[in-house]
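Here is the structure we will look at.
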Amino acid sequence: MRRLRVCYWRVRPMTTFTPATSSEVLSTVQWAASEESPLEILGHGSKRGIGRPQQSEHSLDVSKLTGVTLYEPAELVLSAKAGTPLAEIEALLAENAQQLAFEPMDYGPLLGGKPGKGTIGGALAANLSGPRRLKAGAARDHILGINAVAGRGEAFKSGGRVVKNVTGYDLSKLMANSWGTLAVFTDVTFKVLPSAETEVTLAIRGLLDDAAAAAMALALGSSAEVSSAAHLPERVAGRVAGGSFGSEAATLLRVEGFGPSVAYRIAALKDLLRNAGPLEEISGEATHSLWRDVRDCAPFADGSEKPVWRVSMAPAQAHQMVLALRMQAAVDAFYDWQGGLIWLRMEHGDPEADLLRGLIRKHGGGHATLVRAAPSHRAAVPVFEPQAPQLAALSARLKAEFDPKAILNPGRMAPGAGSANLGPVTEGGSS
Amino acid sequence: MSGLAMPKPDDATMRRRDEIVADMRMIVPGEGVVDAVNSMRAFESDGLTAYRQLPLVVVLPETVAQVSRVLKYCNDRSIRVVPRGSGTSLSGGALPLEDAVLLVMSRFNRILEIDFPNRIVVAQPGVTNLGITTAVEQEGFYYAPDPSSQIACSIGGNVAENSGGVHCLKYGLTANNVLGIEMVLMNGEVVRLGGSHLDSEGYDLLGVMTGSEGLLGVVTEVTVRILKKPETARALLIGFPTSEQGGQCVADIIGAGIIPGGMEMMDRPAIHAAEDFVHAGYPLDVEALLIVELDGPGVEVDHLIGLVEAIAYRNGSTTCRISQSEQERLSFWAGRKAAFPAVGRISPDYYCMDGTIPRKELPRVLAGMRELSEKYGLGVANVFHAGDGNLHPLILYDANVPGELDKAESFGTDILRLCVKVGGVLTGEHGVGVEKRDLMPEMFNQIDLDQQMRVKCAFDPNHLLNPGKVFPQLRRCAELGRMHVHRGQVAFPDIPRF
């Protein structure tokens, strides 16, 4: 194993461990546990700017832990070392007309980094997903098994390589969205799926948010099997697909599948939405780049540190929440997942966390994650949604079980060693 | 399993039974507490009927507050609790314990909210799986996971077991279709996980709760997503001279980028039993019969049927029928859906197994099963969720012949060992329960099991909720929590200390 002395601009980590095998990962974590010396867990660091700024003395970089160890296209399964570049895996799958159907987003550009970075382990740790989340789910819906090292310095496995498996607790799901605070993945096994033969997007132009919400609900409630539904309001639409799309508001419905089926379903949608507004069909590379930009939050990848929120809530209530927010704050917004995912950019630089979270609670519940902000804001504002006291306590107990010395990304998800923000709770809690 | 060791009953609890029953009546007034032996008989086993045990008392709460009070009462007094939905578990997940309160959730039987714009249904846990579809089908929607017990099994039980069904290849398991739950912890705390939104704000506790077999908490409300019914569905009924050809056909269908709504395989004994029972018109001169169902818009289904038919032909199919009507499609399924009772007709008893294997290992596993069948002198019929590799071998035996149950169980154990050996798992959808509990070390070492138990410790540190299930050996949480750190013996002693 190589040990590098490096000085990051963030000052903290003195030593970076770059294990090349899972047993070296185990040794590193055991050492850190015995020394009670916190580790920042890293792959490519593409999502490093998400979470509370950390206090770790050292870092554990798994980016040398690479390689696809099993890929059987007919079995729809792929295993890889946790540090394997996502781009490498996606390229390999594409050779066999397959894909990670959860369409992991690339946070790089939004957070001021390069595109195309990120590891498969990071995709699971952040539970990445994309516009197809509506139909295909997120990383947590596709993970079949993991090997990992828990913070207490124990190497373990969970799950397996088959899709249908209820043998023991699903620790793989528990670890999804744990942001490296419970265990360090060494190997992951994912379900893979055939890529769609054809993709066509139907765009409705010029709709206001409420009309777009109605149109998306109508489309998703039909049997056209819409796999993605996004709404880009007027100011946002010009910032995707290199501006080629025009600045008029665009409500986007993606239909994927076999050619004849896509043609039929697009025709059905056109009929269903004939009175909704002007319709455009987008196909070929244009539809791919469009959804890639929606996926990666390209409209807000502006190189700035203006706060960006990722809000998860019930789709049909989203535009009402945003309307209420616009009354009180300068905000730029667009919607994915039929509105179930709202991306918000706070134009005046203040995250307005309490205002936003209060409005989400008022509009049926959900949660907000501050995915981009200056370190000072991320230190002052809970990046992850504060949980109801009982739930926060439960999360903290889990953290303590897996990482009793609080050495894995301590403080990233919540202040102190804990794993969950304890926050103000009103009726309905944080659900 | 016949010699199944369950946790030793707690004498103090047994002695205080009358007092506990009286206290339960205070918490759940009216008809909600059942303590007469003959009335409790109805609850003495679940779908794994070989095992029976009367509980201490049966409690049927009606409100979340009652569930919370019952659990807190029991937690404070170290009384064990076994939760139960509809009691259709095939792995003994709801098997009562002599000294435990059996908490039956069947009175939580209302649909609370139907939200079509967001395509969700909020239901109490005792609502049946099919009941959710029934509530929304007038608008053309349905709930996708469809375990074969769907007419009876409860949605709360589906969450506990992460239930599947024939359509989960395309539409996912319970875990992929549940958005939120409300649950009560053993200490009486009520927590909500998820809701009507998609992502979790923190750790995916909903993910770990789904399939936790009633050991972590008692579900009191479930939010599921519903889907629009596909416009059409058609099926192909394809026969092959060998299981290898059938297996290769399945691989080629998936290799062609087709994910069918359902893909089921039966072996010769299962085909014959089913045909004798329901006269579905199955070919009797084949070794493997494949049902492939394609759903979606008519134009898509027609297109894919042509592709699948060609793939089947290339793999040497000897018969291939394509359903021309809804009635014919249902007749293809009739034999498969009746496979269990059909096998029940040709054998006094049968024991249903539930391993999952990588699909390509099917011929090897079937051959292994034939050898085991000879070794044990017991017949076996196989139905197989071919798309996702989930095998249901049905071992034929006669419980009235002394020793046959033991033999059937040993046979089953050997089959599951074989599944694990080829890269598969002990259970695909029926759960570990008591049935496969002692086989867990076949798949997991002690460290693996310790991590799972640590989850249990975070939810129920005193092991009071459904003990004796899932884990072969319970370890005290205090012991599990200890860290064995040997300073100076780990790597990197040269690291600078600060």
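Following the order of the structure tokens, first chain is A, next is B, and so on, with residues numbered from 1 inside each chain and ligands from 1 in the order they appear.
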Query raised in the report: Counting only C-alpha atoms, what is within 10 Å of Lys81 in chain A, bar same-chain residues fewer than 6 positions away, as a list in words?
Result: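 Neighbouring residues, sequence-local ones excluded: Ala20, Thr21, Ser22, Val62, Ser63, Lys64, Leu65, Thr66, Gly67, Val68, Thr69, Leu70, Thr119, Ile120, Gly121, Ile146, Asn147, Phe185, Thr186, Asp187, Val188 and Thr189 of chain A.
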Query - Shell around range 152-154 of chain A at 6 Å using only C-alpha atoms, local window under 2 positions removed, as a PyMOL selection string - result: chain A and resi 29-30+149-150+403
Requested in this report: Go through A:Ala316, A:Arg254, A:Thr15, A:Tyr71 and flag the residue nearest His58 in chain A, using only C-alpha atoms for the distances.
Outcome: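 Among A:Ala316, A:Arg254, A:Thr15, A:Tyr71, it is A:Thr15 that comes nearest to His58 in chain A.
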Requested in this report: Apply DSSP to the structure's backbone, then extract all residues of range 136-340 of chain B labelled helix (DSSP H, G or I) and return them as a ChimeraX atom specification.
Outcome: /B:136-139,155-161,168-171,174-176,205-209,243-255,268-278,298-314,326-337,339-340
Report task. Please provide as a list in words all residues within 6 Å of range 157-167 of chain B, with the sequence filter that same-chain residues fewer than 2 positions apart are discarded (counting only C-alpha atoms). Result -> Gly85, Pro145, Asp146, Pro147, Ser154, Ile155, Leu169, Leu173, Thr174, Ala175, Thr210, Gly211, Ser212, Glu213, Gly214, Gly261, Gly262, Glu429 and Gly431 of chain B
Create the file for the chosen residues now, containing C-alpha atoms and written as a PDB file, in the first residue's frame.
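See part_19.pdb below for the written result:
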```
ATOM      1  CA  GLY B  85     -50.132 -10.586   9.991  1.00  0.00           C
ATOM      2  CA  PRO B 145     -45.831  -7.559  -6.115  1.00  0.00           C
ATOM      3  CA  ASP B 146     -48.065 -10.613  -6.251  1.00  0.00           C
ATOM      4  CA  PRO B 147     -47.055 -13.419  -3.893  1.00  0.00           C
ATOM      5  CA  SER B 154     -51.251  -8.881   4.512  1.00  0.00           C
ATOM      6  CA  ILE B 155     -49.282  -5.908   3.263  1.00  0.00           C
ATOM      7  CA  LEU B 169     -38.586  -9.831 -12.372  1.00  0.00           C
ATOM      8  CA  LEU B 173     -40.060  -6.928  -4.858  1.00  0.00           C
ATOM      9  CA  THR B 174     -41.920  -5.352  -1.969  1.00  0.00           C
ATOM     10  CA  ALA B 175     -38.764  -3.353  -1.131  1.00  0.00           C
ATOM     11  CA  THR B 210     -38.276  -4.615   4.567  1.00  0.00           C
ATOM     12  CA  GLY B 211     -37.517  -8.293   4.929  1.00  0.00           C
ATOM     13  CA  SER B 212     -36.580  -8.073   8.618  1.00  0.00           C
ATOM     14  CA  GLU B 213     -39.137 -10.773   9.496  1.00  0.00           C
ATOM     15  CA  GLY B 214     -40.787  -9.019  12.415  1.00  0.00           C
ATOM     16  CA  GLY B 261     -43.614  -9.700 -17.022  1.00  0.00           C
ATOM     17  CA  GLY B 262     -43.315 -13.289 -15.844  1.00  0.00           C
ATOM     18  CA  GLU B 429     -38.837 -14.957  -1.009  1.00  0.00           C
ATOM     19  CA  GLY B 431     -37.836 -15.833   4.497  1.00  0.00           C
TER      20      GLY B 431
END
```
Query raised in the report: Which neighbours of Phe240 in chain B fall inside 8 Å, counting only C-alpha atoms, when residues of the same chain fewer than 5 positions from it are skipped, and could you give them as an MDAnalysis selection string?
Result: chainID B and resid 245:246 286:289 316:319
Query raised in the report: Skipping near chain neighbours, those fewer than 6 positions away, what residues fall within 7 Å of range 170-177 of chain A using only C-alpha atoms, listed as a list in words?
Result: Leu124, Ala125, Ala126, Asn127, Arg140, Ile143, Gly145, Ile146, Ser158 and Gly159 of chain A; Gly202, Tyr203, Asp204, Leu205, Gly207 and Val208 of chain B
Selection file, C-alpha atoms, as a PDB file, in the first residue's frame:
```
ATOM      1  CA  LEU A 124     -23.992   3.264  -3.587  1.00  0.00           C
ATOM      2  CA  ALA A 125     -22.801   5.325  -0.612  1.00  0.00           C
ATOM      3  CA  ALA A 126     -24.719   8.326  -1.982  1.00  0.00           C
ATOM      4  CA  ASN A 127     -27.616   6.196  -3.285  1.00  0.00           C
ATOM      5  CA  ARG A 140     -30.542   0.930  -3.402  1.00  0.00           C
ATOM      6  CA  ILE A 143     -27.659  -3.422  -5.227  1.00  0.00           C
ATOM      7  CA  GLY A 145     -24.673  -7.598  -2.325  1.00  0.00           C
ATOM      8  CA  ILE A 146     -21.675  -5.968  -0.716  1.00  0.00           C
ATOM      9  CA  SER A 158     -24.297  -9.063   2.951  1.00  0.00           C
ATOM     10  CA  GLY A 159     -26.608 -10.221   0.189  1.00  0.00           C
TER      11      GLY A 159
ATOM     12  CA  GLY B 202     -30.615   9.448   5.989  1.00  0.00           C
ATOM     13  CA  TYR B 203     -29.863   5.781   6.466  1.00  0.00           C
ATOM     14  CA  ASP B 204     -32.213   3.578   4.473  1.00  0.00           C
ATOM     15  CA  LEU B 205     -34.004   2.156   7.482  1.00  0.00           C
ATOM     16  CA  GLY B 207     -34.723  -0.814   3.190  1.00  0.00           C
ATOM     17  CA  VAL B 208     -33.488  -2.771   6.168  1.00  0.00           C
TER      18      VAL B 208
END
```
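Candidate residues A:Lys114, A:Lys399, A:His142, A:Gly206 were compared for distance to Asn176 in chain B, and the nearest is A:His142, using only C-alpha atoms.
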Report summary line: Separating CA of Tyr264 in chain A from CA of Trp333 in chain B, to the nearest tenth of an Å, is a gap of 28.0 Å
Query - For Ala386 in chain B: contacts at 10 Å, only C-alpha atoms, fewer than 4 positions along chain excluded, given as a list in words - result: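 Result of the neighbour search: Val166, Leu169, Gly246, Gly247, Val250, Ala251, Gly262, Met263, Glu264, Met265, Met266, Leu290, Ile291, Val292, Thr356, Ile357, Pro358, Arg359, Leu362, Asn390 and Leu391 of chain B.
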I need the residues from that last selection saved to file as a compact mmCIF listing (two decimals), in the first residue's frame (with N, CA and C atoms), if you can.
```
# COMPACT_ATOMS: atom_id res chain seq x y z
N VAL B 166 -44.65 -13.74 -9.06
CA VAL B 166 -44.18 -14.07 -10.41
C VAL B 166 -43.81 -12.82 -11.21
N LEU B 169 -39.71 -10.00 -11.45
CA LEU B 169 -38.59 -9.83 -12.37
C LEU B 169 -38.65 -8.45 -13.02
N GLY B 246 -34.30 -25.43 -22.00
CA GLY B 246 -35.20 -24.45 -21.40
C GLY B 246 -34.41 -23.33 -20.73
N GLY B 247 -33.37 -23.73 -20.00
CA GLY B 247 -32.55 -22.75 -19.30
C GLY B 247 -31.84 -21.81 -20.27
N VAL B 250 -34.19 -19.20 -21.62
CA VAL B 250 -34.38 -18.10 -20.66
C VAL B 250 -33.22 -17.11 -20.77
N ALA B 251 -31.98 -17.65 -20.81
CA ALA B 251 -30.81 -16.79 -20.90
C ALA B 251 -30.83 -15.98 -22.19
N GLY B 262 -43.47 -12.08 -16.65
CA GLY B 262 -43.31 -13.29 -15.84
C GLY B 262 -42.64 -14.35 -16.69
N MET B 263 -41.82 -15.19 -16.05
CA MET B 263 -41.15 -16.27 -16.78
C MET B 263 -40.98 -17.44 -15.82
N GLU B 264 -41.78 -18.47 -16.02
CA GLU B 264 -41.85 -19.58 -15.08
C GLU B 264 -41.49 -20.88 -15.77
N MET B 265 -40.80 -21.75 -15.05
CA MET B 265 -40.48 -23.06 -15.60
C MET B 265 -40.97 -24.16 -14.66
N MET B 266 -41.37 -25.28 -15.26
CA MET B 266 -41.77 -26.44 -14.46
C MET B 266 -41.02 -27.65 -15.00
N LEU B 290 -41.92 -23.93 -20.20
CA LEU B 290 -41.67 -22.53 -19.89
C LEU B 290 -42.93 -21.73 -20.19
N ILE B 291 -43.34 -20.90 -19.25
CA ILE B 291 -44.40 -19.92 -19.52
C ILE B 291 -43.74 -18.55 -19.55
N VAL B 292 -43.86 -17.87 -20.67
CA VAL B 292 -43.29 -16.51 -20.78
C VAL B 292 -44.45 -15.55 -20.99
N THR B 356 -32.53 -19.65 -4.23
CA THR B 356 -32.29 -18.93 -5.48
C THR B 356 -30.89 -19.28 -5.97
N ILE B 357 -30.76 -19.45 -7.28
CA ILE B 357 -29.46 -19.79 -7.86
C ILE B 357 -29.21 -18.89 -9.07
N PRO B 358 -27.94 -18.73 -9.44
CA PRO B 358 -27.69 -18.09 -10.74
C PRO B 358 -28.36 -18.98 -11.81
N ARG B 359 -29.09 -18.35 -12.71
CA ARG B 359 -29.90 -19.13 -13.67
C ARG B 359 -29.12 -20.21 -14.40
N LEU B 362 -28.96 -23.91 -13.35
CA LEU B 362 -30.17 -24.72 -13.23
C LEU B 362 -29.95 -26.20 -13.59
N ASN B 390 -35.25 -18.19 -8.93
CA ASN B 390 -35.83 -18.63 -7.66
C ASN B 390 -36.52 -19.98 -7.84
N LEU B 391 -35.96 -21.00 -7.17
CA LEU B 391 -36.44 -22.38 -7.28
C LEU B 391 -37.43 -22.71 -6.18
```
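Minimum atom-to-atom distance to Ser86 in chain B, evaluated using only C-alpha atoms, belongs to B:Pro125 out of B:Pro125, B:Gly194, B:Pro230, B:Gly344.
Of the listed residues (A:Ala237, A:Val322, A:Leu273, A:Ala196), A:Ala196 comes nearest to chain B; the distances count only C-alpha atoms.
Between CA of Ala286 in chain A and CA of Asp271 in chain A lies a distance of 22.9 Å.
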